[in-house]
Each structure stands twice: as structure tokens, then as C-alpha cells.
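The block underneath contains the structure these notes are about, expressed in C-alpha cells.
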Amino acid sequence: MKTWGTESSIAIIDDSIDFCRVVRKALTKSGYAGHISCYPFARAFYDKAKDFPHIVVSDLSMPGDDGLTLHDKIRADGFDGHFVLCTGDAGALDKSGVTQMDMDIFIKPIATANFLERIQSYV
């Protein structure tokens, strides 16, 4: 299996540890060899991340700051990497206007092949 992403890092922010595990496993199984960090909510990411990752994968709805607030805060702090938003509530996307923002959006359960293809294109 060819490895990819060896110089990159991905942060997964989701209040579902199962989602974090599934994404980490899919990335690793597909040959991703970069660093993967999982955070249970945005506040943990703010507090523990020492540097911005290359890619942020975030849930839309989480306790505390939601994915959109996270996006806005890290962009304001200088994050210029790729932001991927995942949600199980497609209706929330229409209400939030998120489709007009600079991010990719995946509806849970995510189509793993499409998701991995998109992530690979970033690294």
C-alpha cells in the first residue's frame, strides 16, 4: 500500500468518539501516514492544539462552540488550511448558510471513498 500525507496533519473535532475512530481508521487504512489528532469538542482543540493542522475535520453540532464558530475563530487566528464540515443534520446546513463558506461539507454517515479522495487532494 502506498503511503500519503506523511508531512501533513489532520485534526478531527467531533463529540462522537466513534466518528473520530471511524475517520482515523479509514485514513490509516487508505495509507495516510501523517499525524491525526482527535478532540471531543472545539474547546479541547483550542486548549490542546499547539499548531494548526493542515486539515480540520469538524462536526457541525457540538456542545459549546459548534463547527461554524470553530471555523470562524481559527480563520480569524490565521488558519489557512482546509476545513471539512461533517453533519448528520442536512437541514441545519440550509439554516446556517454554510454552503456559501470556504469549506467542504459531508453528510453523515460520510461516503468514505469520496471523503478520502477529497482529503488526499489536500495533502
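Chains: A, B, ... in order of the C-alpha cells. Residues: from 1 per chain. Ligands: from 1, in order shown.
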**Asked** Would you give me, as a PyMOL selection string, the residues in region 8-104 of chain A that DSSP reads as helix (DSSP H, G or I)?
**Response** chain A and resi 17-29+42-48+67-76+90-96+98-100
Write the residues of the preceding selection, restricted to N, CA and C atoms, as a CSV table (one decimal), in the first residue's frame.
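Written file, out05.csv:
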chain,number,residue,atom,x,y,z
A,17,ILE,N,-16.9,10.0,19.8
A,17,ILE,CA,-15.6,9.4,19.7
A,17,ILE,C,-15.6,8.3,18.6
A,18,ASP,N,-16.8,7.7,18.4
A,18,ASP,CA,-17.0,6.7,17.3
A,18,ASP,C,-16.7,7.3,16.0
A,19,PHE,N,-17.2,8.5,15.7
A,19,PHE,CA,-16.9,9.2,14.4
A,19,PHE,C,-15.4,9.4,14.3
A,20,CYS,N,-14.8,9.9,15.3
A,20,CYS,CA,-13.3,10.1,15.3
A,20,CYS,C,-12.6,8.8,15.0
A,21,ARG,N,-13.0,7.7,15.6
A,21,ARG,CA,-12.3,6.4,15.4
A,21,ARG,C,-12.5,5.9,13.9
A,22,VAL,N,-13.7,6.1,13.4
A,22,VAL,CA,-14.0,5.7,12.1
A,22,VAL,C,-13.2,6.4,11.1
A,23,VAL,N,-13.1,7.8,11.2
A,23,VAL,CA,-12.3,8.6,10.3
A,23,VAL,C,-10.8,8.2,10.4
A,24,ARG,N,-10.3,8.1,11.6
A,24,ARG,CA,-8.9,7.8,11.8
A,24,ARG,C,-8.6,6.4,11.2
A,25,LYS,N,-9.5,5.4,11.4
A,25,LYS,CA,-9.2,4.1,10.8
A,25,LYS,C,-9.3,4.2,9.3
A,26,ALA,N,-10.2,4.9,8.7
A,26,ALA,CA,-10.3,5.0,7.2
A,26,ALA,C,-9.1,5.7,6.7
A,27,LEU,N,-8.6,6.7,7.3
A,27,LEU,CA,-7.4,7.4,6.8
A,27,LEU,C,-6.2,6.5,6.9
A,28,THR,N,-6.0,5.8,8.0
A,28,THR,CA,-4.9,4.9,8.2
A,28,THR,C,-4.9,3.8,7.2
A,29,LYS,N,-6.1,3.2,7.1
A,29,LYS,CA,-6.3,2.0,6.2
A,29,LYS,C,-6.0,2.4,4.7
A,42,ALA,N,-14.7,21.6,20.4
A,42,ALA,CA,-13.9,22.7,20.0
A,42,ALA,C,-13.0,23.2,21.1
A,43,ARG,N,-13.5,23.3,22.3
A,43,ARG,CA,-12.7,23.9,23.4
A,43,ARG,C,-11.4,23.1,23.6
A,44,ALA,N,-11.5,21.8,23.5
A,44,ALA,CA,-10.4,20.9,23.7
A,44,ALA,C,-9.3,21.2,22.6
A,45,PHE,N,-9.8,21.4,21.4
A,45,PHE,CA,-8.9,21.8,20.2
A,45,PHE,C,-8.2,23.1,20.5
A,46,TYR,N,-9.0,24.1,21.0
A,46,TYR,CA,-8.4,25.4,21.3
A,46,TYR,C,-7.3,25.3,22.4
A,47,ASP,N,-7.6,24.5,23.4
A,47,ASP,CA,-6.7,24.3,24.5
A,47,ASP,C,-5.5,23.5,24.3
A,48,LYS,N,-5.6,22.4,23.5
A,48,LYS,CA,-4.5,21.5,23.4
A,48,LYS,C,-3.7,21.5,22.1
A,67,GLY,N,-19.3,23.8,14.9
A,67,GLY,CA,-18.3,23.8,13.8
A,67,GLY,C,-18.2,25.1,13.1
A,68,LEU,N,-19.2,25.8,12.9
A,68,LEU,CA,-19.2,27.1,12.3
A,68,LEU,C,-18.4,28.2,13.1
A,69,THR,N,-18.6,28.1,14.4
A,69,THR,CA,-17.9,29.0,15.3
A,69,THR,C,-16.4,28.7,15.3
A,70,LEU,N,-16.2,27.4,15.4
A,70,LEU,CA,-14.8,26.9,15.3
A,70,LEU,C,-14.1,27.4,14.0
A,71,HIS,N,-14.8,27.2,12.9
A,71,HIS,CA,-14.3,27.7,11.6
A,71,HIS,C,-13.9,29.2,11.7
A,72,ASP,N,-14.9,30.0,12.1
A,72,ASP,CA,-14.6,31.4,12.2
A,72,ASP,C,-13.5,31.8,13.1
A,73,LYS,N,-13.4,31.2,14.2
A,73,LYS,CA,-12.4,31.5,15.2
A,73,LYS,C,-11.0,31.2,14.7
A,74,ILE,N,-10.8,30.0,14.1
A,74,ILE,CA,-9.5,29.6,13.7
A,74,ILE,C,-9.1,30.4,12.4
A,75,ARG,N,-10.0,30.7,11.6
A,75,ARG,CA,-9.7,31.5,10.4
A,75,ARG,C,-9.3,32.9,10.9
A,76,ALA,N,-9.9,33.5,11.9
A,76,ALA,CA,-9.6,34.8,12.4
A,76,ALA,C,-8.2,34.7,13.0
A,90,ALA,N,-28.7,17.5,7.7
A,90,ALA,CA,-28.6,18.2,6.4
A,90,ALA,C,-29.5,19.5,6.5
A,91,GLY,N,-30.6,19.5,7.2
A,91,GLY,CA,-31.5,20.6,7.3
A,91,GLY,C,-30.8,21.8,8.0
A,92,ALA,N,-29.8,21.5,8.9
A,92,ALA,CA,-29.1,22.6,9.6
A,92,ALA,C,-28.2,23.4,8.6
A,93,LEU,N,-27.8,22.7,7.5
A,93,LEU,CA,-27.0,23.4,6.6
A,93,LEU,C,-27.7,24.5,5.9
A,94,ASP,N,-29.0,24.3,5.5
A,94,ASP,CA,-29.8,25.3,4.9
A,94,ASP,C,-30.0,26.5,5.8
A,95,LYS,N,-30.2,26.3,7.1
A,95,LYS,CA,-30.5,27.3,8.0
A,95,LYS,C,-29.2,28.2,8.3
A,96,SER,N,-28.1,27.6,8.2
A,96,SER,CA,-26.9,28.3,8.6
A,96,SER,C,-26.2,29.0,7.5
A,98,VAL,N,-24.2,27.8,5.5
A,98,VAL,CA,-22.8,27.2,5.4
A,98,VAL,C,-22.4,26.9,4.0
A,99,THR,N,-23.3,26.6,3.1
A,99,THR,CA,-22.9,26.2,1.8
A,99,THR,C,-22.2,27.4,1.0
A,100,GLN,N,-22.2,28.6,1.6
A,100,GLN,CA,-21.6,29.7,0.9
A,100,GLN,C,-20.2,30.0,1.5
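Residues of region 37-84 of chain A assigned to strand (DSSP E or B) by DSSP on this structure's backbone: Ser37, Cys38, Tyr39, Ile55, Val56, Val57, Ser58, Asp59, His82, Phe83 and Val84 of chain A.
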**Message:** Residues within 9 Å of region 107-120 of chain A, please, as a list in words. Count only C-alpha atoms; anything in the same chain fewer than 4 positions from it doesn't count.
**Reply:** Trp4, Gly5, Val23, Ala26, Leu27, Ser30, Tyr32, Ile55, His82, Val84, Leu85, Cys86, Thr87, Gly88, Asp89 and Ala90 of chain A
Selection export as a PDB file, in the first residue's frame, atoms kept: N, CA and C atoms:
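Listed below is the output, result-v1.pdb:
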ATOM      1  N   TRP A   4       0.663   8.124   2.031  1.00  0.00           N
ATOM      2  CA  TRP A   4       0.477   9.507   1.590  1.00  0.00           C
ATOM      3  C   TRP A   4       0.256  10.383   2.816  1.00  0.00           C
ATOM      4  N   GLY A   5       0.475  11.677   2.667  1.00  0.00           N
ATOM      5  CA  GLY A   5       0.228  12.609   3.753  1.00  0.00           C
ATOM      6  C   GLY A   5       1.277  12.578   4.849  1.00  0.00           C
ATOM      7  N   VAL A  23     -13.098   7.756  11.235  1.00  0.00           N
ATOM      8  CA  VAL A  23     -12.319   8.584  10.306  1.00  0.00           C
ATOM      9  C   VAL A  23     -10.839   8.242  10.409  1.00  0.00           C
ATOM     10  N   ALA A  26     -10.236   4.896   8.702  1.00  0.00           N
ATOM     11  CA  ALA A  26     -10.338   4.998   7.244  1.00  0.00           C
ATOM     12  C   ALA A  26      -9.093   5.669   6.659  1.00  0.00           C
ATOM     13  N   LEU A  27      -8.627   6.731   7.299  1.00  0.00           N
ATOM     14  CA  LEU A  27      -7.425   7.417   6.823  1.00  0.00           C
ATOM     15  C   LEU A  27      -6.210   6.493   6.882  1.00  0.00           C
ATOM     16  N   SER A  30      -6.289   3.661   4.352  1.00  0.00           N
ATOM     17  CA  SER A  30      -6.073   4.093   2.970  1.00  0.00           C
ATOM     18  C   SER A  30      -4.620   4.483   2.701  1.00  0.00           C
ATOM     19  N   TYR A  32      -2.802   6.842   4.683  1.00  0.00           N
ATOM     20  CA  TYR A  32      -2.409   8.140   5.239  1.00  0.00           C
ATOM     21  C   TYR A  32      -1.394   7.908   6.348  1.00  0.00           C
ATOM     22  N   ILE A  55      -5.335  20.185   7.929  1.00  0.00           N
ATOM     23  CA  ILE A  55      -6.753  19.944   7.647  1.00  0.00           C
ATOM     24  C   ILE A  55      -7.506  19.830   8.967  1.00  0.00           C
ATOM     25  N   HIS A  82      -7.309  23.599   5.075  1.00  0.00           N
ATOM     26  CA  HIS A  82      -8.606  23.121   4.589  1.00  0.00           C
ATOM     27  C   HIS A  82      -9.518  22.793   5.771  1.00  0.00           C
ATOM     28  N   VAL A  84     -13.119  20.936   6.739  1.00  0.00           N
ATOM     29  CA  VAL A  84     -14.136  19.992   6.284  1.00  0.00           C
ATOM     30  C   VAL A  84     -15.186  19.890   7.379  1.00  0.00           C
ATOM     31  N   LEU A  85     -16.423  20.170   7.033  1.00  0.00           N
ATOM     32  CA  LEU A  85     -17.533  20.129   7.983  1.00  0.00           C
ATOM     33  C   LEU A  85     -18.360  18.880   7.736  1.00  0.00           C
ATOM     34  N   CYS A  86     -18.670  18.155   8.805  1.00  0.00           N
ATOM     35  CA  CYS A  86     -19.497  16.951   8.717  1.00  0.00           C
ATOM     36  C   CYS A  86     -20.722  17.151   9.607  1.00  0.00           C
ATOM     37  N   THR A  87     -21.857  16.691   9.136  1.00  0.00           N
ATOM     38  CA  THR A  87     -23.068  16.809   9.937  1.00  0.00           C
ATOM     39  C   THR A  87     -24.032  15.677   9.616  1.00  0.00           C
ATOM     40  N   GLY A  88     -24.785  15.306  10.608  1.00  0.00           N
ATOM     41  CA  GLY A  88     -25.849  14.326  10.411  1.00  0.00           C
ATOM     42  C   GLY A  88     -27.180  15.003  10.155  1.00  0.00           C
ATOM     43  N   ASP A  89     -27.198  16.330  10.182  1.00  0.00           N
ATOM     44  CA  ASP A  89     -28.429  17.106  10.033  1.00  0.00           C
ATOM     45  C   ASP A  89     -28.335  18.000   8.806  1.00  0.00           C
ATOM     46  N   ALA A  90     -28.699  17.461   7.656  1.00  0.00           N
ATOM     47  CA  ALA A  90     -28.620  18.227   6.411  1.00  0.00           C
ATOM     48  C   ALA A  90     -29.485  19.484   6.469  1.00  0.00           C
TER      49      ALA A  90
END
Using 6 Å as the limit and counting only C-alpha atoms, can you tabulate each residue of region 47-112 of chain A that touches region 9-13 of chain A, with its shortest atom-to-atom distance in Å and the two atoms involved, as a Markdown table?
| residue | atom | partner | partner_atom | distance |
| --- | --- | --- | --- | --- |
| A:Pro53 | CA | A:Ser9 | CA | 5.0 |
| A:His54 | CA | A:Ser9 | CA | 5.3 |
| A:Ile55 | CA | A:Ile10 | CA | 4.8 |
| A:Val56 | CA | A:Ala11 | CA | 4.9 |
| A:Val57 | CA | A:Ile12 | CA | 4.7 |
| A:Ser58 | CA | A:Ile13 | CA | 4.6 |
Expected file: the selected residues, N, CA and C atoms, as an mmCIF file, in the first residue's frame:
data_model
loop_
_atom_site.group_PDB
_atom_site.id
_atom_site.type_symbol
_atom_site.label_atom_id
_atom_site.label_comp_id
_atom_site.auth_asym_id
_atom_site.auth_seq_id
_atom_site.Cartn_x
_atom_site.Cartn_y
_atom_site.Cartn_z
ATOM 1 N N PRO A 53 -3.308 22.351 12.298
ATOM 2 C CA PRO A 53 -3.087 21.221 11.386
ATOM 3 C C PRO A 53 -3.256 21.706 9.947
ATOM 4 N N HIS A 54 -2.946 20.849 9.010
ATOM 5 C CA HIS A 54 -3.165 21.182 7.604
ATOM 6 C C HIS A 54 -4.648 21.113 7.260
ATOM 7 N N ILE A 55 -5.335 20.185 7.929
ATOM 8 C CA ILE A 55 -6.753 19.944 7.647
ATOM 9 C C ILE A 55 -7.506 19.830 8.967
ATOM 10 N N VAL A 56 -8.652 20.495 9.046
ATOM 11 C CA VAL A 56 -9.541 20.349 10.196
ATOM 12 C C VAL A 56 -10.822 19.698 9.698
ATOM 13 N N VAL A 57 -11.197 18.602 10.340
ATOM 14 C CA VAL A 57 -12.468 17.921 10.070
ATOM 15 C C VAL A 57 -13.314 18.130 11.320
ATOM 16 N N SER A 58 -14.441 18.815 11.180
ATOM 17 C CA SER A 58 -15.248 19.161 12.352
ATOM 18 C C SER A 58 -16.714 18.806 12.156
#
**Interatomic distance, CA of Pro40 (chain A) to CA of Asp102 (chain A) (Å, one decimal)** = 23.1 Å
**Request:** Take CA of Cys38 (chain A) and CA of Ser121 (chain A) and report the distance between them in Å, one decimal.
**Result:** 20.9 Å
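Straight-line separation from CA of Ser16 (chain A) to CA of Ala49 (chain A): 18.6 Å.
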10 Å contact set for Thr6 (chain A), only C-alpha atoms, chain neighbours under 3 positions out, as a PDB file with N, CA and C atoms, in the first residue's frame:
ATOM      1  N   THR A   3       1.872   4.950   0.893  1.00  0.00           N
ATOM      2  CA  THR A   3       1.538   5.900   1.954  1.00  0.00           C
ATOM      3  C   THR A   3       1.426   7.298   1.364  1.00  0.00           C
ATOM      4  N   SER A   9      -0.876  17.035   8.742  1.00  0.00           N
ATOM      5  CA  SER A   9      -1.569  16.702   9.984  1.00  0.00           C
ATOM      6  C   SER A   9      -3.051  17.011   9.833  1.00  0.00           C
ATOM      7  N   GLY A  31      -3.770   4.449   3.744  1.00  0.00           N
ATOM      8  CA  GLY A  31      -2.358   4.725   3.558  1.00  0.00           C
ATOM      9  C   GLY A  31      -1.902   6.075   4.076  1.00  0.00           C
ATOM     10  N   TYR A  32      -2.802   6.842   4.683  1.00  0.00           N
ATOM     11  CA  TYR A  32      -2.409   8.140   5.239  1.00  0.00           C
ATOM     12  C   TYR A  32      -1.394   7.908   6.348  1.00  0.00           C
ATOM     13  N   ALA A  33      -0.264   8.594   6.270  1.00  0.00           N
ATOM     14  CA  ALA A  33       0.810   8.380   7.238  1.00  0.00           C
ATOM     15  C   ALA A  33       1.154   9.637   8.028  1.00  0.00           C
ATOM     16  N   GLY A  34       0.330  10.659   7.920  1.00  0.00           N
ATOM     17  CA  GLY A  34       0.569  11.883   8.680  1.00  0.00           C
ATOM     18  C   GLY A  34       0.010  11.767  10.086  1.00  0.00           C
ATOM     19  N   HIS A  35       0.077  12.860  10.820  1.00  0.00           N
ATOM     20  CA  HIS A  35      -0.385  12.891  12.198  1.00  0.00           C
ATOM     21  C   HIS A  35      -1.898  13.143  12.241  1.00  0.00           C
ATOM     22  N   VAL A 123      -3.345  16.967   0.461  1.00  0.00           N
ATOM     23  CA  VAL A 123      -2.004  16.715   1.016  1.00  0.00           C
ATOM     24  C   VAL A 123      -1.007  16.330  -0.054  1.00  0.00           C
TER      25      VAL A 123
END
